[in-house]
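Asker: Quick one, upload14.pdb (PDB, C-alpha atoms):
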ATOM      1  CA  MET J   6     -36.261  -0.354 -36.888
ATOM      2  CA  ASN J   7     -34.829  -2.891 -39.349
ATOM      3  CA  ASN J   8     -35.193  -2.446 -43.080
ATOM      4  CA  ARG J   9     -34.465  -4.178 -46.380
ATOM      5  CA  LEU J  10     -33.756  -1.023 -48.314
ATOM      6  CA  LYS J  11     -30.168  -1.944 -49.154
ATOM      7  CA  VAL J  12     -31.196  -5.402 -50.421
ATOM      8  CA  LEU J  13     -34.059  -3.991 -52.500
ATOM      9  CA  ARG J  14     -31.812  -1.295 -53.910
ATOM     10  CA  ALA J  15     -29.269  -3.920 -54.932
ATOM     11  CA  GLU J  16     -31.991  -6.092 -56.488
ATOM     12  CA  HIS J  17     -33.083  -3.133 -58.610
ATOM     13  CA  ASN J  18     -29.499  -2.197 -59.531
ATOM     14  CA  LEU J  19     -29.812   1.244 -58.021
ATOM     15  CA  THR J  20     -27.077   3.322 -56.443
ATOM     16  CA  GLN J  21     -27.779   5.261 -53.266
ATOM     17  CA  ALA J  22     -27.771   8.467 -55.296
ATOM     18  CA  GLN J  23     -30.285   7.075 -57.802
ATOM     19  CA  LEU J  24     -32.588   5.862 -55.054
ATOM     20  CA  ALA J  25     -32.249   9.223 -53.311
ATOM     21  CA  ASP J  26     -33.327  10.994 -56.513
ATOM     22  CA  LEU J  27     -36.333   8.703 -56.874
ATOM     23  CA  LEU J  28     -37.372   9.341 -53.269
ATOM     24  CA  ASN J  29     -36.597  13.088 -53.408
ATOM     25  CA  VAL J  30     -34.173  12.940 -50.517
ATOM     26  CA  SER J  31     -30.419  13.325 -50.168
ATOM     27  CA  ARG J  32     -28.007  10.408 -50.612
ATOM     28  CA  GLN J  33     -27.034  10.944 -46.972
ATOM     29  CA  THR J  34     -30.618  10.161 -45.948
ATOM     30  CA  VAL J  35     -30.727   6.909 -47.941
ATOM     31  CA  ASN J  36     -27.400   5.897 -46.435
ATOM     32  CA  ALA J  37     -28.561   6.706 -42.894
ATOM     33  CA  ILE J  38     -31.782   4.705 -43.358
ATOM     34  CA  GLU J  39     -29.910   1.718 -44.780
ATOM     35  CA  LYS J  40     -27.509   1.738 -41.851
ATOM     36  CA  GLY J  41     -30.397   1.969 -39.392
ATOM     37  CA  LYS J  42     -29.176   5.315 -38.074
ATOM     38  CA  PHE J  43     -32.332   7.138 -39.100
ATOM     39  CA  ASP J  44     -35.956   6.033 -39.219
ATOM     40  CA  PRO J  45     -37.889   7.558 -42.118
ATOM     41  CA  SER J  46     -41.217   9.315 -41.720
ATOM     42  CA  LEU J  47     -44.412   7.508 -42.718
ATOM     43  CA  PRO J  48     -44.744   9.483 -46.015
ATOM     44  CA  LEU J  49     -41.176   8.572 -46.992
ATOM     45  CA  ALA J  50     -41.736   4.928 -46.029
ATOM     46  CA  PHE J  51     -44.893   4.901 -48.196
ATOM     47  CA  LYS J  52     -42.951   6.455 -51.054
ATOM     48  CA  ALA J  53     -40.297   3.721 -50.816
ATOM     49  CA  ALA J  54     -43.024   1.071 -50.673
ATOM     50  CA  ARG J  55     -44.709   2.497 -53.790
ATOM     51  CA  LEU J  56     -41.391   2.632 -55.603
ATOM     52  CA  PHE J  57     -40.617  -1.046 -54.972
ATOM     53  CA  LYS J  58     -44.297  -2.054 -55.294
ATOM     54  CA  LEU J  59     -44.291  -3.555 -51.803
ATOM     55  CA  THR J  60     -46.007  -2.848 -48.521
ATOM     56  CA  ILE J  61     -44.278  -0.845 -45.818
ATOM     57  CA  GLU J  62     -44.044  -4.004 -43.697
ATOM     58  CA  ASP J  63     -42.150  -5.719 -46.501
ATOM     59  CA  ILE J  64     -39.431  -3.075 -46.267
ATOM     60  CA  PHE J  65     -39.474  -1.896 -42.667
ATOM     61  CA  GLN J  66     -39.804  -4.170 -39.652
ATOM     62  CA  ASP J  67     -40.261  -3.220 -36.025
ATOM     63  CA  GLU J  68     -37.104  -4.360 -34.251
ATOM     64  CA  GLU J  69     -38.939  -5.295 -31.040
ATOM     65  CA  ALA J  70     -41.671  -7.197 -32.860
ATOM     66  CA  VAL J  71     -39.056  -9.256 -34.755
ATOM     67  CA  SER J  72     -37.178 -10.190 -31.573
TER      68      SER J  72
ATOM     69  CA  MET R   9     -43.303  19.424 -49.498
ATOM     70  CA  ASN R  10     -45.703  19.930 -52.360
ATOM     71  CA  ASP R  11     -45.778  18.058 -55.678
ATOM     72  CA  SER R  12     -44.001  20.735 -57.689
ATOM     73  CA  MET R  13     -41.137  20.628 -55.213
ATOM     74  CA  ASP R  14     -41.160  16.817 -55.344
ATOM     75  CA  ASN R  15     -40.625  16.933 -59.089
ATOM     76  CA  ASP R  16     -37.332  18.728 -58.830
ATOM     77  CA  TRP R  17     -36.209  18.442 -55.261
ATOM     78  CA  LYS R  18     -32.529  19.154 -55.862
ATOM     79  CA  LYS R  19     -33.198  22.228 -57.996
ATOM     80  CA  CYS R  20     -35.698  23.560 -55.466
ATOM     81  CA  ASN R  21     -33.208  22.992 -52.658
ATOM     82  CA  SER R  22     -30.435  24.709 -54.587
ATOM     83  CA  ILE R  23     -32.611  27.747 -55.405
ATOM     84  CA  ASN R  24     -33.634  28.117 -51.748
ATOM     85  CA  THR R  25     -30.019  27.841 -50.570
ATOM     86  CA  ILE R  26     -28.854  30.528 -53.013
ATOM     87  CA  ARG R  27     -31.800  32.744 -52.056
ATOM     88  CA  LEU R  28     -30.925  32.402 -48.360
ATOM     89  CA  ALA R  29     -27.273  33.252 -49.120
ATOM     90  CA  LYS R  30     -28.375  36.401 -50.995
ATOM     91  CA  TRP R  31     -30.695  37.542 -48.191
ATOM     92  CA  THR R  32     -28.002  36.855 -45.590
ATOM     93  CA  ALA R  33     -25.430  38.829 -47.588
ATOM     94  CA  ALA R  34     -27.930  41.686 -47.978
ATOM     95  CA  TRP R  35     -28.598  41.681 -44.236
ATOM     96  CA  VAL R  36     -24.868  41.729 -43.383
ATOM     97  CA  ILE R  37     -24.256  44.577 -45.856
ATOM     98  CA  THR R  38     -27.179  46.664 -44.554
ATOM     99  CA  LEU R  39     -26.022  45.960 -40.985
ATOM    100  CA  ALA R  40     -22.529  47.202 -41.870
ATOM    101  CA  ILE R  41     -24.015  50.343 -43.465
ATOM    102  CA  THR R  42     -26.198  50.888 -40.376
ATOM    103  CA  THR R  43     -23.214  50.427 -38.052
ATOM    104  CA  PHE R  44     -20.495  52.360 -39.891
ATOM    105  CA  GLY R  45     -22.601  54.849 -41.875
ATOM    106  CA  PRO R  46     -23.309  57.184 -38.933
ATOM    107  CA  ILE R  47     -19.572  57.237 -38.141
ATOM    108  CA  PHE R  48     -18.018  57.611 -41.595
ATOM    109  CA  LEU R  49     -20.737  58.606 -44.101
ATOM    110  CA  TRP R  50     -23.442  60.759 -42.448
ATOM    111  CA  PRO R  51     -22.307  61.885 -38.981
ATOM    112  CA  GLU R  52     -25.098  63.240 -36.763
ATOM    113  CA  ASN R  53     -27.909  62.701 -39.290
ATOM    114  CA  ASP R  54     -30.457  60.738 -37.300
ATOM    115  CA  ILE R  55     -33.016  60.538 -40.117
ATOM    116  CA  ILE R  56     -30.664  58.578 -42.385
ATOM    117  CA  THR R  57     -29.574  56.413 -39.446
ATOM    118  CA  VAL R  58     -33.169  55.518 -38.539
ATOM    119  CA  ALA R  59     -33.953  54.842 -42.212
ATOM    120  CA  THR R  60     -30.993  52.473 -42.581
ATOM    121  CA  ILE R  61     -31.894  50.695 -39.326
ATOM    122  CA  GLY R  62     -35.443  50.284 -40.666
ATOM    123  CA  GLY R  63     -34.061  48.958 -43.947
ATOM    124  CA  ASN R  64     -31.819  46.505 -42.118
ATOM    125  CA  PHE R  65     -34.800  45.356 -40.044
ATOM    126  CA  LEU R  66     -36.902  44.737 -43.160
ATOM    127  CA  VAL R  67     -34.067  42.860 -44.868
ATOM    128  CA  GLY R  68     -33.789  40.821 -41.660
ATOM    129  CA  ILE R  69     -37.444  39.820 -42.010
ATOM    130  CA  GLY R  70     -36.693  38.785 -45.585
ATOM    131  CA  MET R  71     -33.769  36.711 -44.335
ATOM    132  CA  ILE R  72     -36.015  34.934 -41.818
ATOM    133  CA  TRP R  73     -38.512  34.156 -44.599
ATOM    134  CA  ALA R  74     -35.696  32.852 -46.857
ATOM    135  CA  ASN R  75     -34.409  30.693 -43.998
ATOM    136  CA  LYS R  76     -37.898  29.279 -43.461
ATOM    137  CA  GLN R  77     -38.141  28.443 -47.176
ATOM    138  CA  HIS R  78     -34.695  26.864 -47.063
ATOM    139  CA  LEU R  79     -35.554  24.688 -44.061
ATOM    140  CA  ALA R  80     -38.824  23.598 -45.696
ATOM    141  CA  SER R  81     -36.971  22.476 -48.817
ATOM    142  CA  LEU R  82     -34.585  20.216 -46.908
ATOM    143  CA  ASP R  83     -35.333  16.511 -46.607
ATOM    144  CA  GLU R  84     -36.375  15.048 -43.265
ATOM    145  CA  LEU R  85     -32.890  13.987 -42.133
ATOM    146  CA  GLN R  86     -31.415  17.370 -42.983
ATOM    147  CA  GLN R  87     -34.278  19.044 -41.116
ATOM    148  CA  LYS R  88     -33.551  16.848 -38.098
ATOM    149  CA  ILE R  89     -29.870  17.826 -38.182
ATOM    150  CA  GLN R  90     -30.833  21.502 -38.426
ATOM    151  CA  LEU R  91     -33.359  21.194 -35.596
ATOM    152  CA  ASN R  92     -30.818  19.519 -33.299
ATOM    153  CA  ALA R  93     -28.185  22.156 -34.125
ATOM    154  CA  MET R  94     -30.636  25.008 -33.533
ATOM    155  CA  GLY R  95     -31.774  23.454 -30.238
ATOM    156  CA  LEU R  96     -28.163  23.117 -29.106
ATOM    157  CA  SER R  97     -27.389  26.673 -30.186
ATOM    158  CA  LEU R  98     -30.444  28.095 -28.399
ATOM    159  CA  GLY R  99     -29.725  26.168 -25.186
ATOM    160  CA  VAL R 100     -26.026  27.005 -25.067
ATOM    161  CA  GLY R 101     -26.762  30.616 -26.035
ATOM    162  CA  LEU R 102     -29.286  30.984 -23.231
ATOM    163  CA  ILE R 103     -27.162  29.337 -20.537
ATOM    164  CA  VAL R 104     -23.865  30.966 -21.532
ATOM    165  CA  GLY R 105     -25.578  34.317 -22.132
ATOM    166  CA  ILE R 106     -27.265  34.402 -18.714
ATOM    167  CA  SER R 107     -24.117  33.213 -16.913
ATOM    168  CA  TYR R 108     -21.975  35.765 -18.760
ATOM    169  CA  SER R 109     -24.453  38.549 -18.058
ATOM    170  CA  THR R 110     -24.655  37.593 -14.360
ATOM    171  CA  LEU R 111     -20.857  37.560 -14.086
ATOM    172  CA  ALA R 112     -20.774  41.044 -15.611
ATOM    173  CA  THR R 113     -23.621  42.542 -13.530
ATOM    174  CA  THR R 114     -22.221  41.157 -10.256
ATOM    175  CA  GLY R 115     -18.842  42.661 -11.083
ATOM    176  CA  ILE R 116     -16.977  39.346 -11.041
ATOM    177  CA  ILE R 117     -15.638  40.076 -14.525
ATOM    178  CA  ASN R 118     -14.797  43.539 -15.774
ATOM    179  CA  ALA R 119     -15.887  42.942 -19.388
ATOM    180  CA  HIS R 120     -19.203  44.487 -20.436
ATOM    181  CA  ALA R 121     -21.548  41.757 -21.713
ATOM    182  CA  GLU R 122     -22.084  42.549 -25.392
ATOM    183  CA  ILE R 123     -24.885  41.055 -27.518
ATOM    184  CA  SER R 124     -22.272  40.377 -30.236
ATOM    185  CA  HIS R 125     -20.507  37.931 -27.893
ATOM    186  CA  LEU R 126     -23.762  35.981 -27.563
ATOM    187  CA  VAL R 127     -24.209  35.955 -31.340
ATOM    188  CA  ILE R 128     -20.671  34.576 -31.749
ATOM    189  CA  VAL R 129     -21.287  31.829 -29.149
ATOM    190  CA  MET R 130     -24.604  30.852 -30.761
ATOM    191  CA  SER R 131     -23.110  30.856 -34.276
ATOM    192  CA  LEU R 132     -20.159  28.699 -33.268
ATOM    193  CA  THR R 133     -22.428  26.300 -31.348
ATOM    194  CA  TYR R 134     -24.747  26.060 -34.343
ATOM    195  CA  MET R 135     -21.807  25.252 -36.633
ATOM    196  CA  VAL R 136     -20.569  22.576 -34.207
ATOM    197  CA  GLY R 137     -24.109  21.149 -34.052
ATOM    198  CA  ILE R 138     -24.309  20.925 -37.851
ATOM    199  CA  ILE R 139     -20.893  19.234 -38.068
ATOM    200  CA  LEU R 140     -21.758  16.735 -35.303
ATOM    201  CA  GLY R 141     -25.143  15.999 -36.900
ATOM    202  CA  ASN R 142     -23.657  15.382 -40.315
ATOM    203  CA  ARG R 143     -20.959  13.185 -38.791
ATOM    204  CA  LYS R 144     -23.559  11.192 -36.839
ATOM    205  CA  TYR R 145     -25.617  10.379 -39.942
ATOM    206  CA  ARG R 146     -22.700   9.977 -42.346
TER     207      ARG R 146
END
Is it possible to express this structure as structure tokens?
Answerer:
Amino acid sequence: MNNRLKVLRAEHNLTQAQLADLLNVSRQTVNAIEKGKFDPSLPLAFKAARLFKLTIEDIFQDEEAVS
Amino acid sequence: MNDSMDNDWKKCNSINTIRLAKWTAAWVITLAITTFGPIFLWPENDIITVATIGGNFLVGIGMIWANKQHLASLDELQQKIQLNAMGLSLGVGLIVGISYSTLATTGIINAHAEISHLVIVMSLTYMVGIILGNRKYR
């Protein structure tokens, strides 16, 4: 699954640690999601979407659907 | 995770980790008392021995509860790492334990298969699993 989390974080001038605090997860989790090593659960994806005032699809894209 | 935990995730996580450490320490201490007490402190007093074993068992239940609370307070990636490590530990423990026991019962090795050996194998495997998991998602 591809995601724009790193870009959105940069646009909002947030560090990984700050974003992690806002999402109630560890910095390691934010880093793993950004690198595409870990796919978040639906509740966490919704939380990220609410935080950036976007839809889930705006942040996370299905890799197979894109290609 | 409920809302109150959401509000202060780090603090909640820290409290649960410390609580688990305290319960684990209490379990180890009561286990040591149960093991060495009958030898050094109250030789041949079965009532005290049974009471300390019962106490150790109850503290063990508390430790399981604290571990459950600790796991619940972790975020989803940390839970995944823990789950993978526990799965690895359980699988290796089962396979190595059965093989070791079979080697001992068939007389191929002279050593008597002790439960403590299995605990050591499972603990080490669990630690390796945690390290590998953290390295994978670094």
Asker: What's around Ala54 of chain J at 12 Å? Count only C-alpha atoms, leave out sequence neighbours fewer than 3 positions away in its own chain, and write the answer as a compact mmCIF listing (two decimals) with C-alpha atoms, keeping the file's coordinate frame.
Answerer:
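Listing of part-v9.txt after writing:
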# COMPACT_ATOMS: atom_id res chain seq x y z
CA ASN J 8 -35.19 -2.45 -43.08
CA ARG J 9 -34.47 -4.18 -46.38
CA LEU J 10 -33.76 -1.02 -48.31
CA LEU J 13 -34.06 -3.99 -52.50
CA ARG J 14 -31.81 -1.30 -53.91
CA LEU J 27 -36.33 8.70 -56.87
CA LEU J 28 -37.37 9.34 -53.27
CA PRO J 45 -37.89 7.56 -42.12
CA LEU J 47 -44.41 7.51 -42.72
CA PRO J 48 -44.74 9.48 -46.02
CA LEU J 49 -41.18 8.57 -46.99
CA ALA J 50 -41.74 4.93 -46.03
CA PHE J 51 -44.89 4.90 -48.20
CA PHE J 57 -40.62 -1.05 -54.97
CA LYS J 58 -44.30 -2.05 -55.29
CA LEU J 59 -44.29 -3.56 -51.80
CA THR J 60 -46.01 -2.85 -48.52
CA ILE J 61 -44.28 -0.84 -45.82
CA GLU J 62 -44.04 -4.00 -43.70
CA ASP J 63 -42.15 -5.72 -46.50
CA ILE J 64 -39.43 -3.08 -46.27
CA PHE J 65 -39.47 -1.90 -42.67
Asker: How would you write as a PyMOL selection string the residues that get within 10 Å of (-25.4, 29.2, -27.1) in the file's frame, counting all atoms listed in the file?
Answerer: chain R and resi 94-105+126-134
Asker: If I take atom CA of Val35 of chain J and atom CA of Met135 of chain R, how far is one from the other in Å, to one decimal?
Answerer: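 If I compute the distance from atom CA of Val35 of chain J to atom CA of Met135 of chain R, I get 23.3 Å.
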Asker: Report as a count of residues only the full result of the PyMOL selection byres ((chain J and resi 34) around 12) when it is applied to this structure.
Answerer: 37
Asker: Around all the atoms of segment 105-117 of chain R listed in the file, draw an axis-aligned box and extend it by 8 Å on each of the six sides; I want its centre and edge lengths in Å to one decimal, as AutoDock Vina command-line options.
Answerer:
--center_x -21.5 --center_y 37.9 --center_z -16.2 --size_x 27.6 --size_y 25.4 --size_z 27.9
Asker: Quick one: of R:Thr114, R:Ser81, R:Ile55, R:Ile106, who's nearest to chain J, counting all atoms listed in the file?
Answerer: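 The shortest atom-to-atom distance to chain J comes from R:Ser81.
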Asker: Could you tell me how far atom CA of Ala93 of chain R lies from atom CA of Ser124 of chain R, in Å and to one decimal?
Answerer: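 Distance between the two atoms: 19.5 Å.
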Asker: Check the smallest atom-to-atom distance from each of R:Val58, R:Ile47, R:Ser109, R:Gln77 to Thr25 of chain R using only C-alpha atoms, then report the winner.
Answerer: R:Gln77
Asker: Would you please work out which residue, of R:Ser107, R:Trp31, R:Leu140, R:Thr60, is nearest to Pro46 of chain R when using all atoms listed in the file?
Answerer: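 For Pro46 of chain R, the nearest of the given residues is R:Thr60.
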Asker: So how many Å separate atom CA of Leu56 of chain J and atom CA of Lys76 of chain R, to one decimal?
Answerer: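 Distance between the two atoms: 29.5 Å.
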